[in-house]
file work.cif (mmCIF, C-alpha atoms and all ligand atoms)
data_input
loop_
_atom_site.label_atom_id
_atom_site.label_comp_id
_atom_site.auth_asym_id
_atom_site.auth_seq_id
_atom_site.Cartn_x
_atom_site.Cartn_y
_atom_site.Cartn_z
CA MET A 1 15.15 49.35 -1.77
CA THR A 2 15.46 45.72 -0.67
CA ARG A 3 18.89 45.63 -2.33
CA THR A 4 20.14 48.70 -0.39
CA ASN A 5 18.89 47.26 2.89
CA ARG A 6 20.28 43.83 2.10
CA THR A 7 23.73 45.29 1.40
CA ALA A 8 23.55 47.23 4.68
CA TRP A 9 22.68 44.03 6.55
CA GLU A 10 25.40 41.98 4.85
CA THR A 11 27.86 44.61 6.09
CA ALA A 12 26.34 44.67 9.59
CA GLY A 13 26.46 40.86 9.68
CA GLU A 14 30.28 40.93 9.48
CA LYS A 15 30.12 41.82 13.19
CA TYR A 16 28.69 38.35 13.89
CA VAL A 17 31.68 36.80 12.08
CA LEU A 18 34.19 38.86 14.08
CA GLU A 19 32.41 38.09 17.37
CA ARG A 20 31.94 34.41 16.57
CA ASP A 21 33.67 32.99 19.68
CA ASP A 22 32.01 35.48 21.98
CA LEU A 23 28.55 34.74 20.52
CA LEU A 24 29.21 31.02 20.88
CA SER A 25 29.92 31.43 24.61
CA GLN A 26 26.84 33.65 24.99
CA ALA A 27 24.69 31.07 23.20
CA VAL A 28 25.90 28.39 25.62
CA ALA A 29 25.20 30.65 28.61
CA GLY A 30 21.70 31.55 27.32
CA GLY A 31 19.67 34.55 28.41
CA SER A 32 18.90 35.97 24.98
CA LEU A 33 15.15 35.54 25.47
CA HIS A 34 13.69 38.00 27.94
CA PRO A 35 12.08 36.32 31.00
CA PHE A 36 8.67 37.68 29.96
CA GLU A 37 9.12 36.10 26.51
CA LEU A 38 9.65 32.75 28.22
CA ASP A 39 6.60 33.35 30.43
CA LEU A 40 4.36 34.29 27.52
CA LEU A 41 5.59 31.38 25.41
CA ARG A 42 5.69 28.76 28.18
CA ASP A 43 2.55 26.83 27.13
CA VAL A 44 3.44 27.01 23.44
CA LEU A 45 7.03 25.82 24.05
CA ASN A 46 5.85 23.01 26.32
CA ASP A 47 4.19 21.51 23.22
CA ARG A 48 7.61 21.14 21.48
CA PRO A 49 6.79 23.44 18.55
CA ARG A 50 8.49 23.53 15.18
CA VAL A 51 9.55 27.18 15.11
CA VAL A 52 10.05 29.38 12.07
CA HIS A 53 12.15 32.38 13.13
CA LEU A 54 11.61 35.19 10.61
CA GLN A 55 14.55 37.59 10.20
CA SER A 56 16.60 35.42 12.49
CA GLY A 57 19.64 37.73 12.25
CA ASP A 58 22.31 36.80 14.80
CA ALA A 59 19.98 33.93 15.84
CA MET A 60 20.95 34.22 19.49
CA ASP A 61 17.35 33.52 20.55
CA ASP A 62 17.35 30.10 18.92
CA PRO A 63 19.46 28.18 21.48
CA ASP A 64 17.13 29.56 24.19
CA LEU A 65 14.03 28.53 22.22
CA VAL A 66 15.40 24.98 21.93
CA ARG A 67 16.35 24.85 25.62
CA ALA A 68 12.84 26.05 26.52
CA GLY A 69 11.20 23.25 24.54
CA ALA A 70 11.23 23.98 20.79
CA HIS A 71 11.50 20.81 18.69
CA SER A 72 13.46 22.70 16.02
CA VAL A 73 14.05 26.18 14.66
CA LEU A 74 14.20 27.19 11.02
CA GLY A 75 15.65 30.69 10.74
CA VAL A 76 14.99 32.82 7.67
CA ASP A 77 17.02 35.91 6.85
CA PHE A 78 18.12 37.65 3.65
CA SER A 79 21.66 38.13 4.95
CA ALA A 80 23.86 35.26 3.72
CA VAL A 81 26.50 36.31 6.27
CA ALA A 82 24.03 36.08 9.19
CA VAL A 83 22.68 32.75 7.95
CA ALA A 84 26.16 31.25 7.57
CA THR A 85 27.24 32.28 11.09
CA ALA A 86 23.97 31.08 12.64
CA ARG A 87 24.23 27.71 10.85
CA ARG A 88 27.88 27.29 11.93
CA ARG A 89 26.94 27.97 15.57
CA ALA A 90 24.04 25.50 15.46
CA ILE A 91 26.42 22.82 14.14
CA ASP A 92 29.03 23.66 16.80
CA LEU A 93 26.41 23.35 19.55
CA GLY A 94 24.57 20.39 18.04
CA LEU A 95 21.29 22.28 17.98
CA PRO A 96 18.24 21.29 15.84
CA CYS A 97 18.39 24.65 14.06
CA ASP A 98 18.80 25.34 10.37
CA TYR A 99 18.80 28.54 8.37
CA VAL A 100 17.77 29.65 4.89
CA VAL A 101 18.68 32.78 2.96
CA ALA A 102 15.44 34.35 1.74
CA ALA A 103 13.78 37.75 1.51
CA LEU A 104 10.44 38.39 3.13
CA PRO A 105 7.58 38.70 2.50
CA HIS A 106 7.68 35.55 0.32
CA VAL A 107 9.92 32.83 1.73
CA PRO A 108 10.53 29.29 0.42
CA VAL A 109 9.09 27.56 3.49
CA ARG A 110 6.10 25.18 3.31
CA SER A 111 2.66 26.58 4.17
CA GLY A 112 1.36 25.43 7.56
CA SER A 113 4.76 24.07 8.62
CA ALA A 114 5.17 26.25 11.73
CA ASP A 115 3.67 25.61 15.16
CA LEU A 116 5.22 28.91 16.20
CA VAL A 117 6.39 31.84 14.08
CA TYR A 118 8.80 33.90 16.17
CA THR A 119 10.28 37.27 15.21
CA GLY A 120 11.23 40.73 16.44
CA LYS A 121 14.03 42.69 18.12
CA GLY A 122 14.48 45.01 15.18
CA ALA A 123 12.71 43.00 12.49
CA LEU A 124 9.40 44.70 11.62
CA ILE A 125 11.02 48.05 10.80
CA TRP A 126 12.45 46.47 7.64
CA MET A 127 9.03 45.44 6.30
CA PRO A 128 7.54 48.03 3.90
CA ASP A 129 4.24 46.18 3.51
CA MET A 130 2.72 44.97 6.78
CA THR A 131 -0.27 43.42 5.00
CA ALA A 132 1.99 41.21 2.86
CA TRP A 133 4.16 40.40 5.91
CA ALA A 134 1.17 39.41 8.07
CA GLY A 135 -0.21 37.29 5.23
CA GLU A 136 3.10 35.40 5.10
CA VAL A 137 3.05 34.86 8.88
CA ALA A 138 -0.47 33.39 8.61
CA ARG A 139 0.52 31.22 5.62
CA LEU A 140 3.44 29.68 7.52
CA LEU A 141 1.34 28.81 10.59
CA ARG A 142 -0.55 25.55 10.88
CA PRO A 143 -4.16 25.96 12.05
CA GLY A 144 -3.91 26.43 15.83
CA GLY A 145 -0.30 27.65 15.55
CA HIS A 146 0.99 30.75 17.33
CA PHE A 147 2.76 33.93 16.30
CA PHE A 148 4.95 35.86 18.74
CA VAL A 149 6.83 39.13 18.38
CA TYR A 150 8.82 41.19 20.90
CA GLU A 151 9.69 44.35 19.07
CA GLN A 152 10.64 48.01 19.06
CA HIS A 153 7.57 50.14 19.77
CA PRO A 154 6.57 52.16 16.67
CA ALA A 155 6.84 55.35 18.79
CA ASN A 156 10.47 54.63 19.74
CA PRO A 157 12.07 56.27 16.64
CA LEU A 158 10.41 59.55 17.63
CA TRP A 159 12.44 60.00 20.82
CA THR A 160 15.77 61.83 20.86
CA TRP A 161 18.64 60.29 22.81
CA ASP A 162 19.13 63.45 24.91
CA PRO A 163 20.28 62.43 28.41
CA ASP A 164 18.59 65.34 30.24
CA VAL A 165 15.02 65.44 28.88
CA ALA A 166 13.07 63.23 26.48
CA ARG A 167 12.29 65.18 23.31
CA ILE A 168 10.46 64.39 20.09
CA ARG A 169 12.69 64.50 17.02
CA PRO A 170 11.54 67.31 14.72
CA ASP A 171 12.28 65.19 11.63
CA ARG A 172 10.06 62.22 12.59
CA SER A 173 6.31 61.56 12.79
CA TYR A 174 4.49 58.61 14.37
CA PHE A 175 2.46 58.53 11.17
CA GLY A 176 5.47 58.77 8.84
CA ARG A 177 6.13 56.16 6.18
CA SER A 178 9.89 55.72 6.33
CA PHE A 179 13.23 57.33 7.16
CA VAL A 180 16.88 56.57 6.56
CA ASN A 181 18.63 55.28 9.69
CA TYR A 182 22.33 56.14 9.85
CA ASP A 183 22.96 54.50 13.25
CA PHE A 184 24.55 51.07 13.64
CA PRO A 185 23.55 48.49 12.55
CA ALA A 186 21.29 50.07 9.92
CA ASN A 187 24.13 52.10 8.35
CA GLY A 188 21.99 54.03 5.88
CA ALA A 189 19.23 51.45 5.39
CA VAL A 190 15.63 52.57 4.94
CA GLU A 191 13.53 51.91 8.04
CA TRP A 192 9.78 51.55 7.49
CA GLN A 193 7.13 52.77 9.88
CA CYS A 194 3.81 51.29 10.83
CA THR A 195 1.69 52.32 13.82
CA LEU A 196 0.84 49.79 16.53
CA GLY A 197 -2.75 49.89 15.24
CA GLY A 198 -1.48 49.16 11.74
CA ILE A 199 0.48 46.10 12.93
CA VAL A 200 -2.44 44.71 14.92
CA THR A 201 -4.92 45.32 12.11
CA ALA A 202 -2.61 43.66 9.55
CA LEU A 203 -2.48 40.51 11.72
CA ILE A 204 -6.25 40.47 12.28
CA THR A 205 -6.86 40.98 8.55
CA ALA A 206 -4.57 37.99 7.89
CA GLY A 207 -6.92 35.91 10.04
CA LEU A 208 -5.02 35.77 13.34
CA GLU A 209 -6.59 36.16 16.79
CA ILE A 210 -4.69 38.47 19.13
CA ARG A 211 -4.13 36.79 22.51
CA HIS A 212 -1.83 39.32 24.19
CA LEU A 213 -0.49 42.81 23.52
CA ALA A 214 1.70 44.70 26.01
CA GLU A 215 3.78 47.88 25.79
CA TYR A 216 6.98 48.42 27.77
CA ALA A 217 9.08 51.40 28.78
CA GLU A 218 12.34 49.45 28.36
CA PRO A 219 13.73 49.25 24.80
CA PHE A 220 14.43 45.70 23.62
CA TRP A 221 18.03 46.86 23.06
CA ARG A 222 20.07 49.79 24.34
CA MET A 223 22.76 51.24 22.14
CA GLY A 224 26.01 50.95 24.11
CA GLY A 225 27.11 54.20 25.73
CA VAL A 226 23.70 55.89 25.32
CA GLU A 227 21.66 56.90 28.39
CA ALA A 228 18.56 58.49 26.85
CA ALA A 229 16.00 60.20 29.10
CA ALA A 230 13.38 58.67 26.76
CA TRP A 231 14.25 55.28 28.30
CA ASP A 232 13.67 56.36 31.91
CA GLY A 233 10.35 54.56 32.28
CA ARG A 234 7.74 57.06 31.06
CA LEU A 235 7.53 56.42 27.32
CA PRO A 236 6.73 53.31 25.25
CA ASN A 237 9.84 51.73 23.74
CA SER A 238 8.93 48.12 23.02
CA PHE A 239 5.93 45.81 22.81
CA SER A 240 5.11 42.11 22.75
CA LEU A 241 2.25 40.43 20.93
CA LEU A 242 1.03 36.85 20.91
CA ALA A 243 -1.52 35.75 18.31
CA ARG A 244 -3.00 32.47 17.14
CA ARG A 245 -4.20 31.14 13.81
CA PRO A 246 -7.67 29.70 14.50
CA SER A 247 -7.92 25.88 14.30
C1 LIG A 301 18.03 43.83 13.81
S1 LIG A 301 18.10 42.26 13.00
C2 LIG A 301 16.99 41.47 14.08
C3 LIG A 301 16.99 40.04 13.87
C4 LIG A 301 17.06 39.12 15.05
N1 LIG A 301 15.82 39.09 15.75
C5 LIG A 301 18.20 39.42 15.95
O1 LIG A 301 17.96 39.64 17.15
O2 LIG A 301 19.35 39.44 15.49
C6 LIG A 301 17.12 42.47 11.52
C7 LIG A 301 17.32 41.31 10.53
O3 LIG A 301 16.34 41.43 9.49
C8 LIG A 301 16.94 40.98 8.30
N2 LIG A 301 16.10 41.49 7.19
C9 LIG A 301 15.81 42.78 6.90
N3 LIG A 301 14.95 42.84 5.87
C10 LIG A 301 14.69 41.56 5.49
C11 LIG A 301 13.88 40.97 4.47
N4 LIG A 301 13.16 41.72 3.63
N5 LIG A 301 13.83 39.62 4.37
C12 LIG A 301 14.57 38.84 5.21
N6 LIG A 301 15.37 39.35 6.19
C13 LIG A 301 15.42 40.69 6.33
C14 LIG A 301 18.37 41.50 8.36
O4 LIG A 301 19.24 40.79 7.53
C15 LIG A 301 18.68 41.34 9.84
O5 LIG A 301 19.35 40.13 10.09
#

call {"tool": "encode", "arguments": {"input": "work.cif", "output": "structure tokens"}}
result
Amino acid sequence: MTRTNRTAWETAGEKYVLERDDLLSQAVAGGSLHPFELDLLRDVLNDRPRVVHLQSGDAMDDPDLVRAGAHSVLGVDFSAVAVATARRRAIDLGLPCDYVVAALPHVPVRSGSADLVYTGKGALIWMPDMTAWAGEVARLLRPGGHFFVYEQHPANPLWTWDPDVARIRPDRSYFGRSFVNYDFPANGAVEWQCTLGGIVTALITAGLEIRHLAEYAEPFWRMGGVEAAAWDGRLPNSFSLLARRPS
């Protein structure tokens, strides 16, 4: 399964190569982090954290994390294409960011080396085992370190993209285990499901203390050209969570 998803992501990552110049200008301009991410992370970023960015993907958040105070960012992603483009951009911009190719949930990064583990924006749906994933997050954090995620709400895949009325897809269940996603950028990859309760419980079981949990009507990303009624402000489409490994 990991191999199918990895191949899908290597293909999707070619977009980052084609859009290299555009992404470079966007990285200089900033604005990848949502203002509420910056608000929620302000105190943590003021302490100049060493950040581990799990599933760093196009890595567009990393220049913003550095500008907002991060000492350094180590991105981890199993797409060699995404890692190569992110590393090239960091060199071009002279940023203290580096990237490694590795597959979660077991990554070759030292235990306790992160002051902040950052992830999200389409990351958790690729994790089949939330318990193993949360355990890896906790392992990477130093005692007192923080974990932050801004992510698609687990209910979001249930909504149709009908423009007139929000409907529930007949082929999906909030309590389902997985489905194949044929939309870009998944391109046939298997998306895993976990309820919000499942995510929170996995983090608590891994030993983290939840500091903040909020649900939002706005998706973290809108597919271009789609105006879904499900995004009109009445349904949950994304969430943010801040947790801490006890000292
Ligand atoms: C939608 S992207 C989101 C990443 C990033 N936050 C962004 O905004 O680009 C999902 C990323 O997860 C990576 N990924 C999926 N499964 C993975 C795994 N098991 N281990 C490491 N990376 C994985 C993919 O290569 C992809 O870059």

call {"tool": "residues_near_ligand", "arguments": {"input": "work.cif", "ligand": "ligand LIG 301 (chain A)", "cutoff": "6 Å", "atoms": "only C-alpha atoms and all ligand atoms", "output": "PyMOL selection string"}}
result
chain A and resi 9+55-59+77-79+102-104+119-123+126

call {"tool": "closest_residue", "arguments": {"input": "work.cif", "among": "A:Cys194, A:Val66, A:Val81, A:Leu74", "to": "A:Leu45", "atoms": "only C-alpha atoms"}}
result
A:Val66

call {"tool": "atom_distance", "arguments": {"input": "work.cif", "atom1": "atom CA of A:Val83", "atom2": "atom CA of A:Gly30"}}
result
19.4 Å

call {"tool": "closest_residue", "arguments": {"input": "work.cif", "among": "A:Phe239, A:Tyr182, A:Phe36, A:Trp192", "to": "A:Asp129", "atoms": "all atoms listed in the file"}}
result
A:Trp192

call {"tool": "closest_residue", "arguments": {"input": "work.cif", "among": "A:Val73, A:Ile210, A:Ala189, A:Val107", "to": "A:Ala12", "atoms": "all atoms listed in the file"}}
result
A:Ala189

call {"tool": "atom_distance", "arguments": {"input": "work.cif", "atom1": "atom CA of A:Tyr118", "atom2": "atom CA of A:Glu227"}}
result
29.0 Å

call {"tool": "atom_distance", "arguments": {"input": "work.cif", "atom1": "atom CA of A:Thr160", "atom2": "atom CA of A:Ile125"}}
result
17.7 Å

call {"tool": "closest_residue", "arguments": {"input": "work.cif", "among": "A:Asp43, A:Leu24, A:Val52, A:Arg139", "to": "A:Leu93", "atoms": "only C-alpha atoms"}}
result
A:Leu24

call {"tool": "residues_around", "arguments": {"input": "work.cif", "residues": "A:Ala132", "least_positions_apart": "4", "cutoff": "9 Å", "atoms": "all atoms listed in the file", "output": "number ranges by chain"}}
result
A: 104-106, 127-128, 136-137, 202, 206

call {"tool": "closest_residue", "arguments": {"input": "work.cif", "among": "A:Leu158, A:Ala86, A:Glu209, A:Ile204", "to": "A:Glu19", "atoms": "all atoms listed in the file"}}
result
A:Ala86

call {"tool": "closest_residue", "arguments": {"input": "work.cif", "among": "A:Leu38, A:Leu208, A:Leu95, A:Leu23", "to": "A:Met60", "atoms": "all atoms listed in the file"}}
result
A:Leu23

call {"tool": "residues_around", "arguments": {"input": "work.cif", "residues": "A:Asp162", "least_positions_apart": "3", "cutoff": "7 Å", "atoms": "all atoms listed in the file", "output": "PyMOL selection string"}}
result
chain A and resi 165-166+228-229

call {"tool": "decode", "arguments": {"input": "work.cif", "residues": "stretch 32-55 of chain A", "atoms": "N, CA and C atoms", "output": "compact mmCIF listing (two decimals), in the first residue's frame"}}
result
# COMPACT_ATOMS: atom_id res chain seq x y z
N SER A 32 2.13 31.29 3.51
CA SER A 32 1.69 29.90 3.45
C SER A 32 1.04 29.48 4.78
N LEU A 33 1.59 29.97 5.88
CA LEU A 33 0.97 29.67 7.18
C LEU A 33 -0.26 30.55 7.37
N HIS A 34 -1.33 29.94 7.81
CA HIS A 34 -2.56 30.69 8.07
C HIS A 34 -2.31 31.61 9.28
N PRO A 35 -2.93 32.82 9.29
CA PRO A 35 -2.72 33.71 10.45
C PRO A 35 -3.02 33.05 11.78
N PHE A 36 -4.03 32.15 11.83
CA PHE A 36 -4.30 31.53 13.14
C PHE A 36 -3.23 30.51 13.51
N GLU A 37 -2.53 29.95 12.51
CA GLU A 37 -1.39 29.07 12.83
C GLU A 37 -0.30 29.90 13.52
N LEU A 38 -0.05 31.08 12.96
CA LEU A 38 0.98 31.95 13.54
C LEU A 38 0.59 32.38 14.94
N ASP A 39 -0.71 32.67 15.14
CA ASP A 39 -1.19 33.06 16.48
C ASP A 39 -0.98 31.93 17.47
N LEU A 40 -1.42 30.73 17.08
CA LEU A 40 -1.35 29.59 18.00
C LEU A 40 0.09 29.19 18.30
N LEU A 41 0.97 29.43 17.33
CA LEU A 41 2.37 29.01 17.50
C LEU A 41 3.29 30.13 17.98
N ARG A 42 2.72 31.31 18.21
CA ARG A 42 3.56 32.48 18.50
C ARG A 42 4.56 32.22 19.64
N ASP A 43 4.05 31.75 20.80
CA ASP A 43 4.94 31.54 21.96
C ASP A 43 5.99 30.49 21.66
N VAL A 44 5.57 29.42 20.98
CA VAL A 44 6.51 28.33 20.66
C VAL A 44 7.59 28.85 19.71
N LEU A 45 7.20 29.61 18.69
CA LEU A 45 8.17 30.11 17.70
C LEU A 45 9.08 31.19 18.29
N ASN A 46 8.57 31.91 19.27
CA ASN A 46 9.42 32.92 19.93
C ASN A 46 10.63 32.29 20.63
N ASP A 47 10.52 30.99 20.96
CA ASP A 47 11.62 30.29 21.62
C ASP A 47 12.62 29.68 20.63
N ARG A 48 12.54 30.07 19.35
CA ARG A 48 13.48 29.61 18.31
C ARG A 48 13.57 28.07 18.26
N PRO A 49 12.45 27.40 18.03
CA PRO A 49 12.46 25.94 18.07
C PRO A 49 13.16 25.28 16.87
N ARG A 50 13.71 24.11 17.15
CA ARG A 50 14.17 23.22 16.06
C ARG A 50 12.92 22.44 15.66
N VAL A 51 12.52 22.65 14.41
CA VAL A 51 11.24 22.07 13.93
C VAL A 51 11.50 20.82 13.10
N VAL A 52 10.73 19.78 13.37
CA VAL A 52 10.67 18.63 12.45
C VAL A 52 9.31 18.71 11.77
N HIS A 53 9.33 18.84 10.45
CA HIS A 53 8.10 18.97 9.66
C HIS A 53 7.82 17.62 9.01
N LEU A 54 6.86 16.88 9.58
CA LEU A 54 6.53 15.55 9.04
C LEU A 54 5.66 15.69 7.80
N GLN A 55 5.98 14.90 6.77
CA GLN A 55 5.29 14.96 5.48
C GLN A 55 5.34 16.39 4.93
